[in-house]
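What follows is my_file_29.tsv (TSV, C-alpha atoms).
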chain	number	residue	atom	x	y	z
W	1	MET	CA	59.22	34.11	52.75
W	2	PRO	CA	57.92	36.13	49.72
W	3	ASN	CA	57.21	32.92	47.80
W	4	GLN	CA	54.61	31.81	50.39
W	5	ALA	CA	51.91	34.23	49.22
W	6	PRO	CA	51.19	32.47	45.90
W	7	THR	CA	50.90	29.13	47.72
W	8	GLU	CA	48.26	30.54	50.10
W	9	THR	CA	46.40	32.11	47.19
W	10	ARG	CA	46.20	28.78	45.36
W	11	GLU	CA	44.93	26.92	48.44
W	12	GLU	CA	42.03	29.26	49.18
W	13	PRO	CA	39.97	28.49	46.06
W	14	ALA	CA	40.54	24.76	46.57
W	15	ALA	CA	39.25	24.99	50.12
W	16	ALA	CA	36.25	27.01	48.98
W	17	GLU	CA	35.52	24.45	46.26
W	18	HIS	CA	35.64	21.64	48.80
W	19	THR	CA	33.08	23.26	51.10
W	20	ARG	CA	30.75	24.62	48.41
W	21	PRO	CA	27.30	22.96	48.39
W	22	ALA	CA	26.40	20.92	45.33
W	23	ILE	CA	22.97	22.60	45.50
W	24	ARG	CA	21.93	25.74	47.35
W	25	LEU	CA	18.34	26.96	47.39
W	26	SER	CA	17.76	30.43	48.82
W	27	GLY	CA	14.27	31.81	49.42
W	28	LEU	CA	12.94	29.61	46.61
W	29	ARG	CA	9.30	30.27	45.71
W	30	LYS	CA	6.94	29.08	42.99
W	31	HIS	CA	3.41	30.41	42.62
W	32	PHE	CA	0.79	29.14	40.19
W	33	GLY	CA	-1.72	31.98	40.32
W	34	ASP	CA	-2.96	32.12	43.90
W	35	VAL	CA	-1.44	28.73	44.75
W	36	HIS	CA	1.92	28.94	46.58
W	37	ALA	CA	3.34	25.55	45.57
W	38	VAL	CA	6.75	26.40	47.05
W	39	ASP	CA	6.86	29.13	49.63
W	40	GLY	CA	10.34	30.17	50.77
W	41	VAL	CA	12.62	27.11	50.75
W	42	ASP	CA	16.22	27.44	51.99
W	43	LEU	CA	18.38	24.36	51.62
W	44	ASP	CA	22.04	23.32	51.21
W	45	ILE	CA	22.92	19.86	49.84
W	46	PRO	CA	26.63	18.96	50.04
W	47	PRO	CA	28.45	17.05	47.27
W	48	GLY	CA	28.09	13.28	47.26
W	49	GLU	CA	25.00	13.15	49.48
W	50	PHE	CA	21.95	10.97	48.93
W	51	PHE	CA	19.30	13.53	49.78
W	52	SER	CA	15.56	12.81	49.82
W	53	MET	CA	12.66	15.23	49.62
W	54	LEU	CA	9.72	13.55	51.33
W	55	GLY	CA	6.13	14.69	51.58
W	56	PRO	CA	2.53	14.06	50.55
W	57	SER	CA	1.11	14.95	47.14
W	58	GLY	CA	0.93	18.72	46.72
W	59	SER	CA	3.57	19.45	49.37
W	60	GLY	CA	5.96	21.13	46.89
W	61	LYS	CA	8.74	18.54	46.70
W	62	THR	CA	8.34	17.70	43.00
W	63	THR	CA	8.05	21.38	42.08
W	64	VAL	CA	11.37	22.03	43.85
W	65	LEU	CA	12.96	19.17	41.89
W	66	ARG	CA	11.60	20.52	38.61
W	67	MET	CA	13.01	23.97	39.41
W	68	ILE	CA	16.44	22.48	40.13
W	69	ALA	CA	16.24	20.63	36.80
W	70	GLY	CA	15.14	23.79	34.97
W	71	PHE	CA	11.73	22.50	33.88
W	72	GLU	CA	10.07	25.22	35.99
W	73	LEU	CA	11.35	28.75	36.60
W	74	PRO	CA	11.09	30.09	40.16
W	75	THR	CA	8.78	32.95	41.04
W	76	GLY	CA	11.43	34.13	43.48
W	77	GLY	CA	14.67	33.10	45.12
W	78	THR	CA	17.77	31.49	43.62
W	79	ILE	CA	19.15	28.07	42.70
W	80	GLU	CA	22.91	27.54	42.79
W	81	LEU	CA	24.79	24.52	41.47
W	82	GLU	CA	28.34	24.42	42.85
W	83	GLY	CA	28.21	28.14	43.53
W	84	HIS	CA	26.83	29.19	40.14
W	85	ASP	CA	23.39	30.77	39.89
W	86	VAL	CA	21.39	28.68	37.41
W	87	SER	CA	17.94	30.00	38.32
W	88	ARG	CA	17.20	31.21	34.78
W	89	LEU	CA	19.22	28.73	32.74
W	90	ALA	CA	17.62	26.16	30.44
W	91	PRO	CA	17.73	22.48	31.50
W	92	PHE	CA	20.46	21.61	28.98
W	93	GLU	CA	22.65	24.38	30.42
W	94	ARG	CA	22.69	22.77	33.88
W	95	ASP	CA	25.01	19.93	34.84
W	96	VAL	CA	22.16	17.72	36.09
W	97	ASN	CA	20.18	14.77	34.77
W	98	THR	CA	16.73	13.54	35.77
W	99	VAL	CA	15.28	10.03	36.09
W	100	PHE	CA	11.47	9.92	36.08
W	101	GLN	CA	8.95	7.32	37.19
W	102	ASP	CA	8.11	6.81	33.51
W	103	TYR	CA	11.46	5.63	32.16
W	104	ALA	CA	10.59	6.67	28.57
W	105	LEU	CA	13.01	4.23	26.92
W	106	PHE	CA	12.96	4.03	23.13
W	107	PRO	CA	11.30	0.65	22.39
W	108	HIS	CA	12.92	0.28	18.94
W	109	MET	CA	16.46	0.76	20.30
W	110	THR	CA	18.60	-1.74	22.16
W	111	VAL	CA	19.58	-1.14	25.76
W	112	LEU	CA	23.04	0.02	24.66
W	113	GLN	CA	21.58	2.41	22.06
W	114	ASN	CA	19.22	3.86	24.67
W	115	VAL	CA	22.13	4.55	27.00
W	116	GLU	CA	24.21	6.05	24.18
W	117	TYR	CA	21.43	8.32	22.95
W	118	GLY	CA	22.27	11.41	25.01
W	119	LEU	CA	25.91	11.20	23.94
W	120	ARG	CA	24.83	10.94	20.28
W	121	VAL	CA	22.84	14.15	20.66
W	122	LYS	CA	25.96	15.80	22.08
W	123	ARG	CA	27.94	14.47	19.07
W	124	VAL	CA	30.35	12.48	21.21
W	125	PRO	CA	32.51	10.30	18.90
W	126	LYS	CA	31.14	6.78	18.39
W	127	ARG	CA	34.00	4.93	20.04
W	128	GLN	CA	33.98	7.17	23.08
W	129	ARG	CA	30.22	7.01	23.57
W	130	ARG	CA	30.27	3.21	23.23
W	131	GLU	CA	32.94	2.96	25.94
W	132	ARG	CA	31.05	5.30	28.25
W	133	ALA	CA	27.74	3.52	27.67
W	134	LEU	CA	29.30	0.13	28.47
W	135	GLU	CA	30.85	1.62	31.59
W	136	ALA	CA	27.45	3.00	32.67
W	137	LEU	CA	25.77	-0.38	32.10
W	138	LYS	CA	28.48	-2.04	34.17
W	139	THR	CA	27.79	0.43	36.98
W	140	VAL	CA	24.14	-0.65	37.12
W	141	ARG	CA	25.13	-4.32	36.65
W	142	LEU	CA	23.57	-4.72	33.20
W	143	GLU	CA	26.72	-5.10	31.10
W	144	ASP	CA	25.40	-8.33	29.54
W	145	TYR	CA	22.06	-6.81	28.49
W	146	GLY	CA	23.23	-4.25	25.91
W	147	SER	CA	21.77	-6.09	22.90
W	148	ARG	CA	18.29	-6.55	24.37
W	149	LYS	CA	15.26	-4.37	23.72
W	150	PRO	CA	13.43	-2.69	26.64
W	151	ALA	CA	10.44	-5.02	26.20
W	152	GLN	CA	12.72	-7.96	27.04
W	153	LEU	CA	13.58	-6.52	30.46
W	154	SER	CA	11.87	-6.61	33.84
W	155	GLY	CA	10.63	-3.44	35.49
W	156	GLY	CA	13.68	-3.25	37.73
W	157	GLN	CA	16.03	-3.74	34.78
W	158	ARG	CA	14.32	-0.97	32.79
W	159	GLN	CA	14.69	1.30	35.82
W	160	ARG	CA	18.43	0.58	35.85
W	161	VAL	CA	18.71	1.29	32.12
W	162	ALA	CA	17.09	4.70	32.71
W	163	LEU	CA	19.60	5.26	35.51
W	164	ALA	CA	22.52	4.29	33.25
W	165	ARG	CA	21.23	6.65	30.54
W	166	ALA	CA	21.37	9.50	33.08
W	167	LEU	CA	24.75	8.50	34.56
W	168	VAL	CA	26.45	8.21	31.17
W	169	ASN	CA	26.40	12.01	30.89
W	170	ARG	CA	28.44	12.19	34.13
W	171	PRO	CA	26.29	14.88	35.76
W	172	LYS	CA	27.32	16.60	38.98
W	173	VAL	CA	23.79	16.03	40.31
W	174	LEU	CA	21.28	13.28	39.56
W	175	LEU	CA	17.61	14.09	40.20
W	176	LEU	CA	15.21	11.19	40.73
W	177	ASP	CA	11.46	11.85	40.62
W	178	GLU	CA	9.78	8.85	42.31
W	179	PRO	CA	11.63	6.41	40.00
W	180	LEU	CA	10.53	3.32	41.95
W	181	GLY	CA	6.84	4.16	42.09
W	182	ALA	CA	5.83	1.80	39.26
W	183	LEU	CA	7.53	-1.27	40.76
W	184	ASP	CA	5.88	-3.91	42.91
W	185	LEU	CA	6.69	-4.00	46.63
W	186	LYS	CA	9.42	-6.67	46.65
W	187	LEU	CA	11.18	-5.26	43.61
W	188	ARG	CA	10.92	-1.74	45.00
W	189	GLN	CA	12.56	-2.86	48.25
W	190	ALA	CA	15.37	-4.59	46.34
W	191	MET	CA	15.91	-1.53	44.14
W	192	GLN	CA	16.15	0.74	47.17
W	193	LEU	CA	19.28	-1.09	48.29
W	194	GLU	CA	20.68	-1.25	44.74
W	195	LEU	CA	20.11	2.44	44.14
W	196	LYS	CA	21.90	3.39	47.35
W	197	GLN	CA	24.84	1.13	46.45
W	198	ILE	CA	25.05	2.65	42.95
W	199	GLN	CA	25.10	6.13	44.51
W	200	ARG	CA	27.99	5.11	46.75
W	201	ASP	CA	29.84	3.62	43.79
W	202	VAL	CA	29.54	6.67	41.50
W	203	GLY	CA	29.90	9.20	44.35
W	204	ILE	CA	27.72	11.95	42.85
W	205	THR	CA	24.92	13.88	44.52
W	206	PHE	CA	21.51	12.17	44.33
W	207	VAL	CA	18.33	14.16	45.03
W	208	PHE	CA	15.44	11.75	45.41
W	209	VAL	CA	11.76	12.75	45.54
W	210	THR	CA	9.29	10.37	47.15
W	211	HIS	CA	6.09	10.21	49.17
W	212	ASP	CA	7.14	6.82	50.56
W	213	GLN	CA	8.63	7.20	54.03
W	214	ASP	CA	10.24	3.74	53.93
W	215	GLU	CA	12.17	4.66	50.76
W	216	ALA	CA	13.41	7.88	52.33
W	217	LEU	CA	14.42	6.24	55.60
W	218	THR	CA	16.13	3.31	53.84
W	219	MET	CA	18.28	5.21	51.34
W	220	SER	CA	18.91	8.74	52.54
W	221	ASP	CA	21.85	10.43	54.18
W	222	ARG	CA	19.43	13.26	55.00
W	223	ILE	CA	15.73	13.90	54.51
W	224	ALA	CA	13.75	17.12	54.03
W	225	VAL	CA	10.10	16.72	55.02
W	226	PHE	CA	7.82	18.99	52.96
W	227	ASN	CA	4.36	20.25	53.87
W	228	ASN	CA	2.31	23.00	52.20
W	229	GLY	CA	5.24	24.31	50.17
W	230	LYS	CA	7.62	24.57	53.11
W	231	ILE	CA	10.23	22.35	54.76
W	232	GLU	CA	9.12	21.20	58.20
W	233	GLN	CA	12.37	19.45	59.13
W	234	VAL	CA	15.75	18.51	57.63
W	235	GLY	CA	18.04	15.90	59.14
W	236	PRO	CA	19.38	12.35	59.06
W	237	PRO	CA	16.72	9.59	59.00
W	238	GLU	CA	17.32	8.69	62.65
W	239	GLU	CA	16.82	12.28	63.77
W	240	VAL	CA	13.69	12.86	61.69
W	241	TYR	CA	12.12	9.63	62.92
W	242	GLU	CA	13.22	9.66	66.56
W	243	ARG	CA	12.91	13.42	67.17
W	244	PRO	CA	10.28	14.88	64.82
W	245	ALA	CA	10.16	18.66	64.93
W	246	SER	CA	6.38	18.93	64.51
W	247	ALA	CA	3.15	17.00	64.82
W	248	PHE	CA	3.04	16.76	61.02
W	249	VAL	CA	6.48	15.12	60.81
W	250	ALA	CA	5.62	12.76	63.68
W	251	GLY	CA	2.45	11.66	61.89
W	252	PHE	CA	3.82	11.49	58.34
W	253	VAL	CA	7.19	9.80	58.95
W	254	GLY	CA	6.24	6.46	60.43
W	255	THR	CA	3.35	5.99	62.81
W	256	SER	CA	3.20	8.08	65.94
W	257	ASN	CA	0.86	8.53	68.87
W	258	LEU	CA	-0.02	12.10	69.73
W	259	LEU	CA	-1.11	12.51	73.33
W	260	GLY	CA	-2.47	15.87	74.49
W	261	GLY	CA	-5.12	17.50	76.67
W	262	ARG	CA	-6.08	15.92	79.97
W	263	GLY	CA	-4.43	12.64	79.04
W	264	ALA	CA	-1.04	14.32	78.59
W	265	GLU	CA	-1.33	16.27	81.84
W	266	THR	CA	-2.25	13.14	83.79
W	267	VAL	CA	0.19	10.68	82.19
W	268	ILE	CA	3.16	12.89	81.28
W	269	GLY	CA	2.65	15.31	84.14
W	270	ARG	CA	2.56	18.54	82.15
W	271	PRO	CA	0.38	20.13	79.45
W	272	GLY	CA	1.26	20.01	75.78
W	273	LEU	CA	1.18	17.71	72.77
W	274	PHE	CA	3.51	14.70	73.00
W	275	SER	CA	4.65	12.13	70.44
W	276	ILE	CA	5.28	8.48	71.38
W	277	ARG	CA	6.19	5.89	68.75
W	278	PRO	CA	4.05	2.69	69.02
W	279	GLU	CA	7.06	0.38	69.02
W	280	LYS	CA	8.58	2.19	72.03
W	281	ILE	CA	5.65	1.22	74.26
W	282	ARG	CA	5.64	-1.96	76.37
W	283	ILE	CA	2.29	-3.61	76.98
W	284	ASP	CA	1.70	-5.73	80.11
W	285	ASP	CA	-1.13	-7.05	82.20
W	286	ALA	CA	-2.90	-4.30	84.14
W	287	LEU	CA	-1.86	-5.89	87.44
W	288	SER	CA	1.86	-5.73	86.57
W	289	GLU	CA	4.21	-3.50	88.54
W	290	PRO	CA	4.02	0.25	87.83
W	291	ALA	CA	6.75	1.83	85.73
W	292	ALA	CA	10.31	1.71	86.99
W	293	ALA	CA	12.47	4.79	87.55
W	294	GLY	CA	12.91	6.74	84.34
W	295	GLU	CA	9.71	5.36	82.83
W	296	THR	CA	6.17	6.58	82.29
W	297	SER	CA	3.16	4.29	82.59
W	298	ALA	CA	-0.59	4.41	82.09
W	299	THR	CA	-3.45	1.95	82.41
W	300	GLY	CA	-6.18	1.45	79.86
W	301	THR	CA	-8.38	-0.95	77.92
W	302	VAL	CA	-7.56	-2.76	74.68
W	303	THR	CA	-10.26	-1.84	72.18
W	304	ASP	CA	-8.81	-3.34	69.00
W	305	VAL	CA	-6.23	-5.96	68.03
W	306	VAL	CA	-4.76	-6.24	64.52
W	307	TYR	CA	-2.67	-9.29	63.62
W	308	ALA	CA	-0.12	-8.19	60.97
W	309	GLY	CA	2.14	-11.22	60.72
W	310	ALA	CA	5.48	-10.07	62.08
W	311	THR	CA	3.77	-7.68	64.50
W	312	VAL	CA	0.54	-7.29	66.44
W	313	ARG	CA	-0.99	-3.83	66.80
W	314	TYR	CA	-3.13	-2.88	69.79
W	315	ALA	CA	-5.38	0.15	70.20
W	316	VAL	CA	-5.58	1.09	73.89
W	317	THR	CA	-7.97	3.67	75.33
W	318	LEU	CA	-6.33	5.25	78.38
W	319	ASP	CA	-8.11	5.72	81.67
W	320	ALA	CA	-6.63	9.23	81.77
W	321	GLY	CA	-8.08	10.11	78.36
W	322	GLY	CA	-6.81	9.63	74.83
W	323	GLN	CA	-5.82	6.55	72.89
W	324	LEU	CA	-2.41	4.98	72.17
W	325	SER	CA	-1.41	2.51	69.48
W	326	VAL	CA	1.10	-0.18	70.53
W	327	VAL	CA	3.16	-2.41	68.23
W	328	ARG	CA	4.46	-5.66	69.67
W	329	GLN	CA	6.73	-8.17	67.93
W	330	ASN	CA	4.92	-11.42	67.23
W	331	THR	CA	6.98	-13.84	69.29
W	332	ASP	CA	4.04	-16.00	70.40
W	333	GLY	CA	2.37	-16.83	67.08
W	334	ALA	CA	-0.77	-14.91	68.06
W	335	ALA	CA	-1.93	-11.83	69.92
W	336	ALA	CA	-0.70	-11.97	73.53
W	337	PHE	CA	-3.51	-9.71	74.77
W	338	GLY	CA	-7.19	-9.66	73.91
W	339	ALA	CA	-9.79	-7.07	74.79
W	340	GLY	CA	-9.26	-6.18	78.44
W	341	ARG	CA	-7.25	-4.18	80.91
W	342	VAL	CA	-3.53	-3.51	80.33
W	343	ARG	CA	-0.68	-1.34	81.57
W	344	LEU	CA	1.48	0.58	79.07
W	345	SER	CA	5.04	1.70	79.89
W	346	TRP	CA	7.77	3.55	78.04
W	347	ARG	CA	11.02	5.32	78.79
W	348	ASN	CA	10.64	9.01	79.57
W	349	GLU	CA	12.88	10.09	76.69
W	350	HIS	CA	10.57	8.35	74.21
W	351	SER	CA	7.77	10.87	74.79
W	352	PHE	CA	8.72	14.32	73.58
W	353	GLN	CA	6.81	17.52	73.00
W	354	VAL	CA	5.96	18.60	69.46
W	355	GLN	CA	4.44	21.76	68.03
Have the structure of the file written as structure tokens, please.
Amino acid sequence: MPNQAPTETREEPAAAEHTRPAIRLSGLRKHFGDVHAVDGVDLDIPPGEFFSMLGPSGSGKTTVLRMIAGFELPTGGTIELEGHDVSRLAPFERDVNTVFQDYALFPHMTVLQNVEYGLRVKRVPKRQRRERALEALKTVRLEDYGSRKPAQLSGGQRQRVALARALVNRPKVLLLDEPLGALDLKLRQAMQLELKQIQRDVGITFVFVTHDQDEALTMSDRIAVFNNGKIEQVGPPEEVYERPASAFVAGFVGTSNLLGGRGAETVIGRPGLFSIRPEKIRIDDALSEPAAAGETSATGTVTDVVYAGATVRYAVTLDAGGQLSVVRQNTDGAAAFGAGRVRLSWRNEHSFQVQ
């Protein structure tokens, strides 16, 4: 029996290490004079998560990333990396790397030399840094491009070289500051899937800053939605999109109808402000049957029709007051409804109250 105590003692730190957040922000604040860029952010990010910070310009997301990286010092609060307070440490003293929108590759160096550069600065032996650089290029699927110069690569390939240059240092956390912003739409969409796959392959924590809701929804395990220096909501993409915690989140993440005032009281049956996603609404002829059990319906007039290829968007002014946007899949090759009277219906659980 006496020999059990040491075994328990050894297990406790291991358990604590397993549950310790990769990043913990506590009461984090950053003021630039009278401007409160970040105003009391509390956040835990577990190891191995692809975490996105989403918000409009000036919402505080990039400032938070820069404080985690050490490029900005907080006005107040703390930053912990794996349980260690790094709030006042220099960037090179933190086990993180950052990938920026501007990849800043050295044009006179080959791809392999660019990836090796950080290891050269750290005086890693030549053979070891060459092996690690080749391994990093293989991770981003550029193992055959080591002898090329950056100018010989596409935008997506240069982005992957910048990613390899960060991964070669084997950081515990990789910070990505809108790294896809300079790419065209199709390439950006392709890189979203590649980036998520790379994160799964390497298994380290990614913290991704973006103002693009599609990027955040596509890649993230969880999303924090920023507004005016604060976090409005944190959760998985499905939760943030389907059950927004505020009118701001409902309007910023995707497209949402906000129905309030007399329209809400008449249609929903109670006062308040309600969010209804356009794609959740069914549009029918005004003479169609009223809503079935468990559904809400309202009549109105189509005031605008926008043909968008895969979808058709309708603006409908309700008889009860207010306006709803409806998105319908284009299964007919054209708009199914023109200007005129229609009935809108949706399931009760698809209209929910927001602040």
Discussion item. Nearest residue to Phe226 of chain W out of W:Asp144, W:Glu131, W:Phe252, W:Phe206, using all atoms listed in the file?
Written reply: W:Phe252
Item to complete: Please indicate the distance in Å from atom CA of Ile223 of chain W to atom CA of Glu349 of chain W, rounded to one decimal place.
Response: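 Spanning atom CA of Ile223 of chain W to atom CA of Glu349 of chain W is a straight-line distance of 22.7 Å.
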Discussion item. Nearest residue to Val342 of chain W out of W:Val354, W:Val168, W:Ile283, W:Leu163, using all atoms listed in the file?
Written reply: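 Under the stated criterion, the closest residue is W:Ile283.
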Practice prompt. Considering only C-alpha atoms, return as a ChimeraX atom specification whatever protein or nucleic-acid residues lie within 10 Å of Glu194 of chain W, sequence-local ones (same chain, fewer than 5 positions apart) excluded.
Written response: /W:140-141,160,188-189,199-200,219
Worksheet item: Could you name the residues that touch Gly181 of chain W at 10 Å or less, counting only C-alpha atoms, but leaving out those on the same chain fewer than 3 positions away, as number ranges by chain?
Response: W: 100-102, 177-178, 184-185, 188, 210-212
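Here atom CA of Val253 of chain W stands at a distance of 23.0 Å from atom CA of Asp304 of chain W.
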Discussion item. List the spatial neighbours of Thr218 of chain W as a ChimeraX atom specification - criterion: any atom at most 12 Å away, all atoms listed in the file, same-chain residues fewer than 6 positions off excluded.
Written reply: /W:50-52,188-197,208,210,212,236-238,241
Mind writing the picked residues with C-alpha atoms as an mmCIF file, in the coordinates of the input?
data_model
loop_
_atom_site.group_PDB
_atom_site.id
_atom_site.type_symbol
_atom_site.label_atom_id
_atom_site.label_comp_id
_atom_site.auth_asym_id
_atom_site.auth_seq_id
_atom_site.Cartn_x
_atom_site.Cartn_y
_atom_site.Cartn_z
ATOM 1 C CA PHE W 50 21.950 10.970 48.930
ATOM 2 C CA PHE W 51 19.300 13.530 49.780
ATOM 3 C CA SER W 52 15.560 12.810 49.820
ATOM 4 C CA ARG W 188 10.920 -1.740 45.000
ATOM 5 C CA GLN W 189 12.560 -2.860 48.250
ATOM 6 C CA ALA W 190 15.370 -4.590 46.340
ATOM 7 C CA MET W 191 15.910 -1.530 44.140
ATOM 8 C CA GLN W 192 16.150 0.740 47.170
ATOM 9 C CA LEU W 193 19.280 -1.090 48.290
ATOM 10 C CA GLU W 194 20.680 -1.250 44.740
ATOM 11 C CA LEU W 195 20.110 2.440 44.140
ATOM 12 C CA LYS W 196 21.900 3.390 47.350
ATOM 13 C CA GLN W 197 24.840 1.130 46.450
ATOM 14 C CA PHE W 208 15.440 11.750 45.410
ATOM 15 C CA THR W 210 9.290 10.370 47.150
ATOM 16 C CA ASP W 212 7.140 6.820 50.560
ATOM 17 C CA PRO W 236 19.380 12.350 59.060
ATOM 18 C CA PRO W 237 16.720 9.590 59.000
ATOM 19 C CA GLU W 238 17.320 8.690 62.650
ATOM 20 C CA TYR W 241 12.120 9.630 62.920
#
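Each of W:Val312, W:Leu175, W:Leu287, W:Met53 was compared to Arg222 of chain W using all atoms listed in the file, and W:Met53 turns out to be the nearest.
For the pair atom CA of Glu232 of chain W and atom CA of Gly76 of chain W, the interatomic distance is 19.7 Å.
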Val240 of chain W environment, 10 Å, all atoms listed in the file, sequence neighbours closer than 4 positions dropped, as a PDB file with C-alpha atoms, in the coordinates of the input:
ATOM      1  CA  LEU W 217      14.420   6.240  55.600  1.00  0.00           C
ATOM      2  CA  ARG W 222      19.430  13.260  55.000  1.00  0.00           C
ATOM      3  CA  ILE W 223      15.730  13.900  54.510  1.00  0.00           C
ATOM      4  CA  ALA W 224      13.750  17.120  54.030  1.00  0.00           C
ATOM      5  CA  VAL W 225      10.100  16.720  55.020  1.00  0.00           C
ATOM      6  CA  GLN W 233      12.370  19.450  59.130  1.00  0.00           C
ATOM      7  CA  VAL W 234      15.750  18.510  57.630  1.00  0.00           C
ATOM      8  CA  GLY W 235      18.040  15.900  59.140  1.00  0.00           C
ATOM      9  CA  PRO W 236      19.380  12.350  59.060  1.00  0.00           C
ATOM     10  CA  PRO W 244      10.280  14.880  64.820  1.00  0.00           C
ATOM     11  CA  ALA W 245      10.160  18.660  64.930  1.00  0.00           C
ATOM     12  CA  SER W 246       6.380  18.930  64.510  1.00  0.00           C
ATOM     13  CA  VAL W 249       6.480  15.120  60.810  1.00  0.00           C
ATOM     14  CA  ALA W 250       5.620  12.760  63.680  1.00  0.00           C
ATOM     15  CA  VAL W 253       7.190   9.800  58.950  1.00  0.00           C
ATOM     16  CA  GLY W 254       6.240   6.460  60.430  1.00  0.00           C
TER      17      GLY W 254
END
Item to complete: Find the spatial neighbours of segment 319-334 of chain W, counting all atoms listed in the file, within a cut-off of 9 Å - ignore same-chain residues fewer than 3 positions away - and output them as a PyMOL selection string.
Response: chain W and resi 255-267+276-283+298-301+307-316+337+344
Write the residues you've just listed into a file as a PDB file, in the coordinates of the input, and include C-alpha atoms for each of them.
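Result saved to again15.pdb:
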ATOM      1  CA  THR W 255       3.350   5.990  62.810  1.00  0.00           C
ATOM      2  CA  SER W 256       3.200   8.080  65.940  1.00  0.00           C
ATOM      3  CA  ASN W 257       0.860   8.530  68.870  1.00  0.00           C
ATOM      4  CA  LEU W 258      -0.020  12.100  69.730  1.00  0.00           C
ATOM      5  CA  LEU W 259      -1.110  12.510  73.330  1.00  0.00           C
ATOM      6  CA  GLY W 260      -2.470  15.870  74.490  1.00  0.00           C
ATOM      7  CA  GLY W 261      -5.120  17.500  76.670  1.00  0.00           C
ATOM      8  CA  ARG W 262      -6.080  15.920  79.970  1.00  0.00           C
ATOM      9  CA  GLY W 263      -4.430  12.640  79.040  1.00  0.00           C
ATOM     10  CA  ALA W 264      -1.040  14.320  78.590  1.00  0.00           C
ATOM     11  CA  GLU W 265      -1.330  16.270  81.840  1.00  0.00           C
ATOM     12  CA  THR W 266      -2.250  13.140  83.790  1.00  0.00           C
ATOM     13  CA  VAL W 267       0.190  10.680  82.190  1.00  0.00           C
ATOM     14  CA  ILE W 276       5.280   8.480  71.380  1.00  0.00           C
ATOM     15  CA  ARG W 277       6.190   5.890  68.750  1.00  0.00           C
ATOM     16  CA  PRO W 278       4.050   2.690  69.020  1.00  0.00           C
ATOM     17  CA  GLU W 279       7.060   0.380  69.020  1.00  0.00           C
ATOM     18  CA  LYS W 280       8.580   2.190  72.030  1.00  0.00           C
ATOM     19  CA  ILE W 281       5.650   1.220  74.260  1.00  0.00           C
ATOM     20  CA  ARG W 282       5.640  -1.960  76.370  1.00  0.00           C
ATOM     21  CA  ILE W 283       2.290  -3.610  76.980  1.00  0.00           C
ATOM     22  CA  ALA W 298      -0.590   4.410  82.090  1.00  0.00           C
ATOM     23  CA  THR W 299      -3.450   1.950  82.410  1.00  0.00           C
ATOM     24  CA  GLY W 300      -6.180   1.450  79.860  1.00  0.00           C
ATOM     25  CA  THR W 301      -8.380  -0.950  77.920  1.00  0.00           C
ATOM     26  CA  TYR W 307      -2.670  -9.290  63.620  1.00  0.00           C
ATOM     27  CA  ALA W 308      -0.120  -8.190  60.970  1.00  0.00           C
ATOM     28  CA  GLY W 309       2.140 -11.220  60.720  1.00  0.00           C
ATOM     29  CA  ALA W 310       5.480 -10.070  62.080  1.00  0.00           C
ATOM     30  CA  THR W 311       3.770  -7.680  64.500  1.00  0.00           C
ATOM     31  CA  VAL W 312       0.540  -7.290  66.440  1.00  0.00           C
ATOM     32  CA  ARG W 313      -0.990  -3.830  66.800  1.00  0.00           C
ATOM     33  CA  TYR W 314      -3.130  -2.880  69.790  1.00  0.00           C
ATOM     34  CA  ALA W 315      -5.380   0.150  70.200  1.00  0.00           C
ATOM     35  CA  VAL W 316      -5.580   1.090  73.890  1.00  0.00           C
ATOM     36  CA  PHE W 337      -3.510  -9.710  74.770  1.00  0.00           C
ATOM     37  CA  LEU W 344       1.480   0.580  79.070  1.00  0.00           C
TER      38      LEU W 344
END
Worksheet entry | For Trp346 of chain W, the nearest of the candidates W:Thr75, W:Asn169, W:Ser297, W:Ser220, counting only C-alpha atoms |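 For Trp346 of chain W, the nearest of the given residues is W:Ser297.
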Discussion item. Nearest residue to Leu153 of chain W out of W:Ser288, W:Ser87, W:Thr110, W:Gln213, using all atoms listed in the file?
Written reply: W:Thr110
Fill in: Shortest interatomic distance to Asn227 of chain W - which of W:Gly251, W:Pro125, W:Pro290, W:Gly33, counting all atoms listed in the file
W:Gly251
Can you put N, CA and C atoms back into segment 228-234 of chain W and show it as a tab-separated table (two decimals), in the frame of the given file?
chain	number	residue	atom	x	y	z
W	228	ASN	N	2.88	21.71	52.63
W	228	ASN	CA	2.31	23.00	52.20
W	228	ASN	C	3.37	23.97	51.67
W	229	GLY	N	4.27	23.46	50.83
W	229	GLY	CA	5.24	24.31	50.17
W	229	GLY	C	6.43	24.73	51.01
W	230	LYS	N	6.51	24.22	52.22
W	230	LYS	CA	7.62	24.57	53.11
W	230	LYS	C	8.30	23.30	53.62
W	231	ILE	N	9.51	23.46	54.13
W	231	ILE	CA	10.23	22.35	54.76
W	231	ILE	C	9.96	22.39	56.25
W	232	GLU	N	9.42	21.30	56.77
W	232	GLU	CA	9.12	21.20	58.20
W	232	GLU	C	10.35	20.79	59.01
W	233	GLN	N	11.19	19.93	58.41
W	233	GLN	CA	12.37	19.45	59.13
W	233	GLN	C	13.37	18.89	58.13
W	234	VAL	N	14.66	19.10	58.42
W	234	VAL	CA	15.75	18.51	57.63
W	234	VAL	C	16.70	17.82	58.61
